[in-house]
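Structure, as structure tokens:
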Amino acid sequence: MGLLALYMAPLQGLTEAPFRNSFERNFGGVDAYFTPFVRQEHGGPRRKDLRGLEPDANAVPRLVPQLMAASADEADLLLRPIAALGYREFDLNLGCAFPAMAKKGKGCGILPYPERVADLLGIAGRHPEYAFSVKMRLGYEDAEECMRLLPVLNAARLSRVTVHARTGKQQYKGECDLAAFARFAAECRHPVVYNGDVRTLEGIGAMQRDFPFLQGVMLGRGLLAAPWLAAEYRQGEEWTTEARLAALRSLHRDVLEAYSQRLEGGEGQLLTTMKGFWDYWYPEGDRKWHKKISKSTKLVDYLQAVSCLLEA
Ligand SMILES: Cc1cc2nc3c(=O)[nH]c(=O)nc-3n(C[C@H](O)[C@H](O)[C@H](O)COP(=O)(O)O)c2cc1C
């Protein structure tokens, strides 16, 4: 069996340019990176989101901007300034479960409405010069919704459909519904990518074995917890603990450095941003140091705790 494509999932506040660039430098193994969703503000992409897409700020070989829109018109407003930066491939967010977005009929809030989804996917017809993919959940309330969406999805010009195998109501909790994913994937005419709770090489292998039609797996929190996962899969062997920790120390140094140059809110803002990563990074590390990291209020204390945690 050939190797699956591996994609880095978009994680708002985490997989931004500083992290993606540092990840590619220290680990890699990922076929494409997806940006956290770009949202609309004052009739165009939010300025902060657009800045994060500047080619100068991005060093990964393949970056796919993700758009959050409720209609083709709204998607168009987002797409044009981003395409002007040189992007040719876009992902549409049909999965975000933030209540503020879902209530506006965006993200997973659009899934119960096939006619609205059809309108949104019309963006692919308007722009035959670009490739479009979709990242969705099984439904908002229940997993029947994705089955009702199949005619609309199958009729659209899409390069890939990635499914986070949960409903919006589940948020990030509870089991992924693999049976519902299999039912959907069997009838989906586009290349299908699985997403949700894959954290190990065995996990990737099980997906490939159980769903031989899969085009790829998208990795989110699992790739933060074990950033070596995609590289190990690609290389066909596990890294040593020393090699993993050395690369993680280097990743941490690079991310910290990138954010220190970028953030203007001083030490406090830098610490808050970095602590966000430690909610996911290296969960098998000593809890004592994890706790020190999360309680630290000064950069020196933070750095000391990180250095103890990542000692080989
Ligand atoms: C903090 C956080 C932010 C997220 N931001 C996005 C986002 O911007 N766009 C998106 O499509 N999904 C987003 N997701 C969902 C993830 O991409 C992914 O679908 C989900 O975490 C399940 O995959 P995993 O178990 O591999 O993490 C986010 C998830 C988390 C935990």
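Residue numbering restarts at 1 in every chain; chains get A, B, ... in the order shown in the structure tokens, and ligands count up from 1 in that same order.
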
- Item | Shell of 7 Å around Val198 (chain A), only C-alpha atoms, local chain residues under 2 positions omitted, as number ranges by chain | A: 196, 200, 203-204, 219, 222

- Write out as a list in words each polymer residue (protein, DNA or RNA) that has an atom no more than 7 Å from ligand 1, with only C-alpha atoms and all ligand atoms counted.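 Using only C-alpha atoms and all ligand atoms, everything at most 7 Å from ligand 1 comes to Ala9, Pro10, Leu11, Gln12, Gly13, Leu14, Thr35, Pro36, Phe37, Asn93, Gly95, Cys96, Lys135, His164, Tyr172, Asn195, Gly196, Asp197, Val198, Met218, Leu219, Gly220, Arg221 and Gly222 of chain A.
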
Write out the residues from the selection above, keeping C-alpha atoms, as a PDB file, in the first residue's frame.
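File again-v7.pdb, as written:
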ATOM      1  CA  ALA A   9      -5.070  20.640  10.406  1.00  0.00           C
ATOM      2  CA  PRO A  10      -5.896  24.294  10.920  1.00  0.00           C
ATOM      3  CA  LEU A  11      -5.904  25.204  14.620  1.00  0.00           C
ATOM      4  CA  GLN A  12      -6.860  28.822  15.268  1.00  0.00           C
ATOM      5  CA  GLY A  13      -4.274  30.585  17.455  1.00  0.00           C
ATOM      6  CA  LEU A  14      -1.773  27.731  17.105  1.00  0.00           C
ATOM      7  CA  THR A  35      -4.334  27.995   7.609  1.00  0.00           C
ATOM      8  CA  PRO A  36      -6.771  28.627  10.450  1.00  0.00           C
ATOM      9  CA  PHE A  37      -9.957  30.093   8.968  1.00  0.00           C
ATOM     10  CA  ASN A  93     -14.673  25.698   6.387  1.00  0.00           C
ATOM     11  CA  GLY A  95     -16.832  22.423  10.352  1.00  0.00           C
ATOM     12  CA  CYS A  96     -16.039  25.162  12.853  1.00  0.00           C
ATOM     13  CA  LYS A 135     -13.320  20.590   5.524  1.00  0.00           C
ATOM     14  CA  HIS A 164     -13.743  15.554  11.050  1.00  0.00           C
ATOM     15  CA  TYR A 172     -14.137  18.166  20.402  1.00  0.00           C
ATOM     16  CA  ASN A 195      -9.672  13.819  10.456  1.00  0.00           C
ATOM     17  CA  GLY A 196     -10.127  13.307  14.190  1.00  0.00           C
ATOM     18  CA  ASP A 197      -8.075  11.911  17.076  1.00  0.00           C
ATOM     19  CA  VAL A 198      -5.268  10.322  15.043  1.00  0.00           C
ATOM     20  CA  MET A 218      -5.392  15.314   8.531  1.00  0.00           C
ATOM     21  CA  LEU A 219      -3.598  15.651  11.858  1.00  0.00           C
ATOM     22  CA  GLY A 220      -4.338  18.380  14.398  1.00  0.00           C
ATOM     23  CA  ARG A 221      -3.839  18.003  18.116  1.00  0.00           C
ATOM     24  CA  GLY A 222      -1.983  14.711  17.583  1.00  0.00           C
TER      25      GLY A 222
END

- Item | Gly2 (chain A) environment, 12 Å, only C-alpha atoms, sequence neighbours closer than 3 positions dropped, as number ranges by chain | A: 5, 205, 208-209, 212-216, 233-234, 236

- Task: Please run DSSP on the backbone and report, as a PyMOL selection string, all residues within region 30-234 of chain A that come out as helix (DSSP H, G or I).
- Result: chain A and resi 47-51+55-57+72-83+99-102+107-110+114-126+144-155+168-170+178-187+201-210+221-225+229-234

- Residues at most 12 Å from region 143-151 of chain A, counting only C-alpha atoms, excluding those fewer than 5 positions away in the same chain, as a ChimeraX atom specification? /A:94-95,108-118,121,135-138,156,161-170,176-190

Among the residues of region 59-142 of chain A, find those DSSP assigns to strand (DSSP E or B) from the backbone and print them as a JSON list (two decimals) with N, CA and C atoms, in the first residue's frame.
[["chain", "number", "residue", "atom", "x", "y", "z"],
["A", 63, "LEU", "N", 0.81, 25.81, 1.14],
["A", 63, "LEU", "CA", -0.07, 26.39, 2.17],
["A", 63, "LEU", "C", -1.44, 26.66, 1.54],
["A", 64, "VAL", "N", -2.49, 26.14, 2.17],
["A", 64, "VAL", "CA", -3.84, 26.30, 1.64],
["A", 64, "VAL", "C", -4.63, 27.22, 2.58],
["A", 66, "GLN", "N", -7.69, 28.79, 4.37],
["A", 66, "GLN", "CA", -9.06, 28.31, 4.63],
["A", 66, "GLN", "C", -10.00, 29.50, 4.81],
["A", 67, "LEU", "N", -11.13, 29.45, 4.11],
["A", 67, "LEU", "CA", -12.09, 30.55, 4.14],
["A", 67, "LEU", "C", -13.31, 30.17, 4.97],
["A", 89, "GLU", "N", -5.20, 27.71, -4.37],
["A", 89, "GLU", "CA", -5.92, 26.58, -3.79],
["A", 89, "GLU", "C", -6.58, 27.08, -2.50],
["A", 90, "PHE", "N", -7.86, 26.76, -2.31],
["A", 90, "PHE", "CA", -8.59, 27.29, -1.15],
["A", 90, "PHE", "C", -9.39, 26.17, -0.49],
["A", 91, "ASP", "N", -9.50, 26.26, 0.83],
["A", 91, "ASP", "CA", -10.31, 25.30, 1.57],
["A", 91, "ASP", "C", -11.50, 26.05, 2.17],
["A", 92, "LEU", "N", -12.66, 25.40, 2.14],
["A", 92, "LEU", "CA", -13.87, 26.04, 2.69],
["A", 92, "LEU", "C", -14.21, 25.38, 4.02],
["A", 93, "ASN", "N", -14.42, 26.21, 5.04],
["A", 93, "ASN", "CA", -14.67, 25.70, 6.39],
["A", 93, "ASN", "C", -16.17, 25.41, 6.58],
["A", 94, "LEU", "N", -16.50, 24.12, 6.69],
["A", 94, "LEU", "CA", -17.87, 23.70, 6.97],
["A", 94, "LEU", "C", -17.88, 22.89, 8.27],
["A", 131, "ALA", "N", -8.28, 25.70, -7.32],
["A", 131, "ALA", "CA", -8.76, 24.43, -6.74],
["A", 131, "ALA", "C", -9.45, 24.72, -5.41],
["A", 132, "PHE", "N", -10.52, 23.98, -5.14],
["A", 132, "PHE", "CA", -11.27, 24.15, -3.88],
["A", 132, "PHE", "C", -11.42, 22.82, -3.17],
["A", 133, "SER", "N", -11.25, 22.86, -1.85],
["A", 133, "SER", "CA", -11.54, 21.68, -1.04],
["A", 133, "SER", "C", -12.47, 22.10, 0.09],
["A", 134, "VAL", "N", -13.01, 21.09, 0.78],
["A", 134, "VAL", "CA", -13.95, 21.35, 1.87],
["A", 134, "VAL", "C", -13.45, 20.63, 3.11],
["A", 135, "LYS", "N", -13.56, 21.30, 4.27],
["A", 135, "LYS", "CA", -13.32, 20.59, 5.52],
["A", 135, "LYS", "C", -14.60, 20.68, 6.33],
["A", 136, "MET", "N", -15.18, 19.53, 6.64],
["A", 136, "MET", "CA", -16.51, 19.52, 7.26],
["A", 136, "MET", "C", -16.59, 18.54, 8.44],
["A", 137, "ARG", "N", -17.67, 18.66, 9.16],
["A", 137, "ARG", "CA", -18.01, 17.65, 10.17],
["A", 137, "ARG", "C", -19.10, 16.76, 9.61],
["A", 138, "LEU", "N", -19.49, 15.74, 10.38],
["A", 138, "LEU", "CA", -20.55, 14.82, 9.92],
["A", 138, "LEU", "C", -21.91, 15.52, 9.87],
["A", 139, "GLY", "N", -22.03, 16.55, 10.67],
["A", 139, "GLY", "CA", -23.30, 17.27, 10.73],
["A", 139, "GLY", "C", -23.22, 18.29, 11.84]]
